[in-house]
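Have a look at the structure below before the remarks.
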Amino acid sequence: GDFNDYPNSGNFCIDGLNYPDRKPHSGLIEYKKIIEPVVVEAVDLVKGKIKITNRYDFITLEHLEGSWELMSDGSVSEQGSLPLLDIPPKACREYEIPYNLPDFVEPGVEYWLNVTFRLNKTLDWAPKGHIVSASQLKIPVKGKAPVALPLSKLPPLNVKEDNRQIAVCGSGFSILFNKFNGVIEKFNFNGLDLISRGMKENLWRAPTDNDMPVQAPRWKAEGLDRIMHRITDIRVEQPSRQAIKLTVDAVLAAYNVKPLFNTTVSYTIYGTGDILINSRFSPRRELPSLPRIGFQLGMPSRFDRMTWYGRGPHENYEDKKESALVGVYSAKVDELFEQYIFPQENGNRCDVRWASLVDLNGFGLLFVGKPHFSLSAHPYTTENITNARHTYELVKCGEIIVNIDYRQGGLGSASCGPDTLEKYKLKAEEIDFRFMIKPFSRNAWSEMNLSKVVLEEI
């Protein structure tokens, strides 16, 4: 369909679980997870006890070999193999895995148990080593909260203000805050400009196939695709030489539509160049469920290498993330874009603890959740993805468009089935969203270590 013939089926004659080039759709990976024949559940993870269930109707699990990994902040701490899996069909059995948890858990460290089942021989349909099932369980151990670095230990700031802007300079960085539009419009670190467009609140996503029948028309009627930011107040506080807080009150609205949200966003800029963002989104009236709540900014195109600690490696959403295990992953920004036949929202990663975007030399920005956020980064603008009907209409914008979201609404299946389940809808209610932005160089810091550096708040 869609070769200038009318009527046609559009992209709904290309809506299977593989793309035309036979590359698996992320939906196929999720489907595999849902139907996998082996289920792993926690019994007592502190003692290494798990329960394995065989979902097959007629065979044991003896054609599989099981392995486990104890993950510490995305790295393998210990690993081993499971004993013979002679579990009868529709039965379960408990196993005790001999890993050793530390007596003292370092602040901020997470432990996960990954359990994988592979074919132990080649079968007609797959080779030996093919992964049949993979599970991940979070181990309920918790260290003490990191100790915040006091302001007195940080370098001092140099602040200059006039009617148009506030210039903040510190050790190796400079920031320019525009008082008219209420955004940080310049951020320079070690001579490199880190942002190309200021960070603003964002409620819109390019509609998915499932958004099109019902949700997208509602969102457009409310003006979510053309939001304007009206600044109502800007406040400046500087209780010490090492930090300054800029607070912006704004109203989100669209032309000829009643105001949508009141927002309050504070930027605490530290002498290290770190920025703590505290935000509150308060709906002005009753609204339909939303596509997303968060922020969008632009970075120069040189920062096209992303590493994240969260769900991956493939795209995932609130109702499409069971197959995406928490770990540390890396990819070029171009590789994060899911090539849907009809351009639409894509490439999201959920439950992100931190994410970095760096250049070839390892300089860039680190985004740190408090505690988590959803993330996507594209070489195309959201407007371009929204308006394009074919992938050849996508034009790289010369920037990396970064979305840092409190959440996105689920995907559902409304194009041909039920709407998004209520528990996955993003309701228009008051929310608080916090995260940090840290300029850094990999020559000085690893992302994992830097993400654990906590600064005193003002």
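Within each chain, counting starts at residue 1; across the structure tokens, chains are named A, B, ... in the order shown, with ligands numbered 1 upward in that order.
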Secondary structure check, helix (DSSP H, G or I) residues of segment 32-240 of chain A, as a PyMOL selection string
chain A and resi 32-35+45-47+151-153+215-221+224-226
Could those residues be written to a file, using N, CA and C atoms, as a compact mmCIF listing (two decimals), in the first residue's frame?
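Written output follows (out_12.txt):
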# COMPACT_ATOMS: atom_id res chain seq x y z
N LYS A 32 8.48 -13.00 22.76
CA LYS A 32 9.27 -14.17 23.17
C LYS A 32 9.33 -14.24 24.69
N LYS A 33 9.53 -13.08 25.35
CA LYS A 33 9.60 -13.07 26.81
C LYS A 33 8.28 -13.53 27.42
N ILE A 34 7.17 -13.07 26.87
CA ILE A 34 5.87 -13.38 27.45
C ILE A 34 5.56 -14.88 27.35
N ILE A 35 5.99 -15.52 26.26
CA ILE A 35 5.64 -16.94 26.06
C ILE A 35 6.76 -17.89 26.46
N LEU A 45 16.14 -14.38 47.98
CA LEU A 45 17.30 -14.04 47.17
C LEU A 45 18.52 -13.70 48.01
N VAL A 46 18.33 -13.26 49.23
CA VAL A 46 19.49 -13.00 50.09
C VAL A 46 20.24 -14.30 50.36
N LYS A 47 19.50 -15.41 50.40
CA LYS A 47 20.12 -16.73 50.61
C LYS A 47 20.33 -17.48 49.29
N LEU A 151 28.70 22.06 50.56
CA LEU A 151 28.96 23.17 49.65
C LEU A 151 30.33 23.79 49.89
N SER A 152 30.77 23.81 51.15
CA SER A 152 32.05 24.44 51.48
C SER A 152 33.23 23.78 50.79
N LYS A 153 33.07 22.56 50.32
CA LYS A 153 34.16 21.84 49.65
C LYS A 153 34.20 22.10 48.14
N GLN A 215 -6.24 8.48 21.01
CA GLN A 215 -5.49 9.39 21.86
C GLN A 215 -4.95 10.60 21.11
N ALA A 216 -4.34 10.39 19.94
CA ALA A 216 -3.70 11.50 19.23
C ALA A 216 -4.67 12.65 18.94
N PRO A 217 -5.90 12.37 18.46
CA PRO A 217 -6.83 13.49 18.25
C PRO A 217 -7.14 14.26 19.54
N ARG A 218 -7.24 13.55 20.65
CA ARG A 218 -7.48 14.23 21.94
C ARG A 218 -6.30 15.12 22.31
N TRP A 219 -5.09 14.57 22.14
CA TRP A 219 -3.89 15.34 22.49
C TRP A 219 -3.78 16.60 21.65
N LYS A 220 -4.05 16.47 20.35
CA LYS A 220 -3.96 17.64 19.47
C LYS A 220 -5.04 18.66 19.80
N ALA A 221 -6.22 18.19 20.16
CA ALA A 221 -7.29 19.10 20.54
C ALA A 221 -6.92 19.93 21.77
N LEU A 224 -1.27 19.73 22.88
CA LEU A 224 -0.02 19.18 23.40
C LEU A 224 1.11 19.23 22.38
N ASP A 225 0.75 19.27 21.09
CA ASP A 225 1.75 19.28 20.03
C ASP A 225 2.27 20.67 19.70
N ARG A 226 1.76 21.69 20.36
CA ARG A 226 2.17 23.06 20.05
C ARG A 226 2.21 23.93 21.32
Give me the residues within 8 Å of Val453 of chain A as a list in words, counting only C-alpha atoms and dropping any in the same chain fewer than 4 places off.
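Returned residues: Pro146, Ala148, Leu149 and Asn449 of chain A.
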Keeping only C-alpha atoms, take the residues you just selected and write them out as an mmCIF file, in the first residue's frame.
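Written out: out.cif:
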data_model
loop_
_atom_site.group_PDB
_atom_site.id
_atom_site.type_symbol
_atom_site.label_atom_id
_atom_site.label_comp_id
_atom_site.auth_asym_id
_atom_site.auth_seq_id
_atom_site.Cartn_x
_atom_site.Cartn_y
_atom_site.Cartn_z
ATOM 1 C CA PRO A 146 25.658 8.316 50.006
ATOM 2 C CA ALA A 148 26.443 14.512 50.438
ATOM 3 C CA LEU A 149 29.498 16.615 49.674
ATOM 4 C CA ASN A 449 31.276 6.546 39.960
#
Using only C-alpha atoms, which of A:Leu194, A:Ala324, A:Ile277, A:Val105 sits nearest Asp432 of chain A?
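Result for the nearest residue to Asp432 of chain A: A:Ile277.
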Could you check how far atom CA of Arg407 of chain A sits from atom CA of Pro288 of chain A, in Å to one decimal?
15.3 Å
Nearest residue to Trp204 of chain A out of A:Phe261, A:Phe295, A:Phe337, A:Tyr99, using only C-alpha atoms?
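Smallest distance to Trp204 of chain A is found for A:Phe295.
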I need the strand (DSSP E or B) residues of segment 14-152 of chain A per DSSP on the backbone, written as a count of residues only.
54
Would you mind listing what lies within 9 Å of Asn443 of chain A as a PyMOL selection string, with only C-alpha atoms counted and same-chain residues fewer than 2 positions away left out?
chain A and resi 361-363+440-441+445-446
Selected residues, C-alpha atoms, written as a PDB file, in the first residue's frame, please.
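Written file, result.pdb:
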ATOM      1  CA  ASN A 361      36.993  12.035  23.120  1.00  0.00           C
ATOM      2  CA  GLY A 362      34.714  11.119  26.026  1.00  0.00           C
ATOM      3  CA  PHE A 363      33.501  14.653  26.862  1.00  0.00           C
ATOM      4  CA  PHE A 440      32.258  15.390  32.625  1.00  0.00           C
ATOM      5  CA  SER A 441      35.150  13.711  30.859  1.00  0.00           C
ATOM      6  CA  TRP A 445      35.414   9.956  35.865  1.00  0.00           C
ATOM      7  CA  SER A 446      33.487   6.820  35.007  1.00  0.00           C
TER       8      SER A 446
END
Considering only C-alpha atoms, return as a list of chain:residue names whatever protein or nucleic-acid residues lie within 10 Å of Ser133 of chain A, sequence-local ones (same chain, fewer than 2 positions apart) excluded.
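Once the nearby chain positions are removed, what remains is A:Lys32, A:Lys33, A:Ile34, A:Ile35, A:Glu36, A:Pro37, A:Val38, A:Val39, A:Val40, A:Leu64, A:Gly66, A:Val115, A:Thr116, A:Phe117, A:Arg118, A:Leu119, A:His130, A:Ile131, A:Ser135, A:Ser323.
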How about saving the chosen residues, C-alpha atoms kept, as a CSV table (one decimal), in the first residue's frame?
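So selection30.csv came out as:
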chain,number,residue,atom,x,y,z
A,32,LYS,CA,9.3,-14.2,23.2
A,33,LYS,CA,9.6,-13.1,26.8
A,34,ILE,CA,5.9,-13.4,27.5
A,35,ILE,CA,5.6,-16.9,26.1
A,36,GLU,CA,9.0,-18.2,27.3
A,37,PRO,CA,8.7,-21.8,28.7
A,38,VAL,CA,10.7,-21.3,31.9
A,39,VAL,CA,9.7,-19.0,34.7
A,40,VAL,CA,12.1,-17.9,37.5
A,64,LEU,CA,18.3,-26.7,28.4
A,66,GLY,CA,20.9,-23.0,32.9
A,115,VAL,CA,19.3,-16.4,35.0
A,116,THR,CA,19.5,-17.7,31.4
A,117,PHE,CA,18.5,-20.9,29.8
A,118,ARG,CA,20.1,-22.0,26.5
A,119,LEU,CA,19.7,-25.1,24.3
A,130,HIS,CA,20.2,-20.4,21.5
A,131,ILE,CA,18.7,-18.5,24.4
A,135,SER,CA,15.0,-13.7,33.7
A,323,SER,CA,12.2,-8.5,28.0
Determine, counting only C-alpha atoms, which protein, DNA and RNA residues have an atom within 10 Å of an atom of Thr53 of chain A; residues of the same chain fewer than 4 positions away are not included. Present the result as a PDB file with N, CA and C atoms, in the first residue's frame.
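Final output, saved to selection-v7.pdb:
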ATOM      1  N   PRO A  37       9.133 -20.597  28.021  1.00  0.00           N
ATOM      2  CA  PRO A  37       8.668 -21.803  28.705  1.00  0.00           C
ATOM      3  C   PRO A  37       9.241 -22.014  30.099  1.00  0.00           C
ATOM      4  N   VAL A  38      10.123 -21.128  30.542  1.00  0.00           N
ATOM      5  CA  VAL A  38      10.729 -21.268  31.862  1.00  0.00           C
ATOM      6  C   VAL A  38      10.507 -19.980  32.647  1.00  0.00           C
ATOM      7  N   VAL A  39       9.999 -20.127  33.874  1.00  0.00           N
ATOM      8  CA  VAL A  39       9.745 -18.977  34.731  1.00  0.00           C
ATOM      9  C   VAL A  39      10.619 -19.090  35.970  1.00  0.00           C
ATOM     10  N   VAL A  40      11.281 -18.000  36.309  1.00  0.00           N
ATOM     11  CA  VAL A  40      12.123 -17.947  37.513  1.00  0.00           C
ATOM     12  C   VAL A  40      11.509 -16.956  38.487  1.00  0.00           C
ATOM     13  N   GLU A  41      11.325 -17.392  39.740  1.00  0.00           N
ATOM     14  CA  GLU A  41      10.746 -16.543  40.772  1.00  0.00           C
ATOM     15  C   GLU A  41      11.629 -16.551  42.010  1.00  0.00           C
ATOM     16  N   LEU A  61      12.899 -30.018  31.213  1.00  0.00           N
ATOM     17  CA  LEU A  61      13.812 -28.951  30.784  1.00  0.00           C
ATOM     18  C   LEU A  61      15.227 -29.487  30.551  1.00  0.00           C
ATOM     19  N   ILE A  87      13.110 -31.042  35.479  1.00  0.00           N
ATOM     20  CA  ILE A  87      11.815 -30.652  36.045  1.00  0.00           C
ATOM     21  C   ILE A  87      10.710 -31.148  35.128  1.00  0.00           C
ATOM     22  N   PRO A  88       9.760 -31.913  35.637  1.00  0.00           N
ATOM     23  CA  PRO A  88       8.666 -32.439  34.805  1.00  0.00           C
ATOM     24  C   PRO A  88       7.803 -31.303  34.251  1.00  0.00           C
ATOM     25  N   PRO A  89       7.040 -31.586  33.197  1.00  0.00           N
ATOM     26  CA  PRO A  89       6.158 -30.559  32.637  1.00  0.00           C
ATOM     27  C   PRO A  89       5.136 -30.077  33.661  1.00  0.00           C
ATOM     28  N   LYS A  90       4.887 -28.781  33.636  1.00  0.00           N
ATOM     29  CA  LYS A  90       3.920 -28.110  34.520  1.00  0.00           C
ATOM     30  C   LYS A  90       4.283 -28.248  35.997  1.00  0.00           C
ATOM     31  N   ALA A  91       5.556 -28.444  36.289  1.00  0.00           N
ATOM     32  CA  ALA A  91       6.009 -28.588  37.665  1.00  0.00           C
ATOM     33  C   ALA A  91       7.057 -27.526  37.963  1.00  0.00           C
ATOM     34  N   CYS A  92       7.404 -27.394  39.238  1.00  0.00           N
ATOM     35  CA  CYS A  92       8.413 -26.420  39.636  1.00  0.00           C
ATOM     36  C   CYS A  92       9.358 -27.048  40.655  1.00  0.00           C
ATOM     37  N   ARG A  93      10.495 -26.427  40.843  1.00  0.00           N
ATOM     38  CA  ARG A  93      11.501 -26.924  41.783  1.00  0.00           C
ATOM     39  C   ARG A  93      12.319 -25.754  42.290  1.00  0.00           C
ATOM     40  N   GLU A  94      12.691 -25.832  43.566  1.00  0.00           N
ATOM     41  CA  GLU A  94      13.522 -24.783  44.153  1.00  0.00           C
ATOM     42  C   GLU A  94      14.997 -25.137  44.021  1.00  0.00           C
TER      43      GLU A  94
END
Pick from A:Pro127, A:Gly191, A:Pro439, A:Pro313: nearest to Leu365 of chain A, with only C-alpha atoms counted?
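Answer, going by the shortest atom-to-atom distance: A:Pro439.
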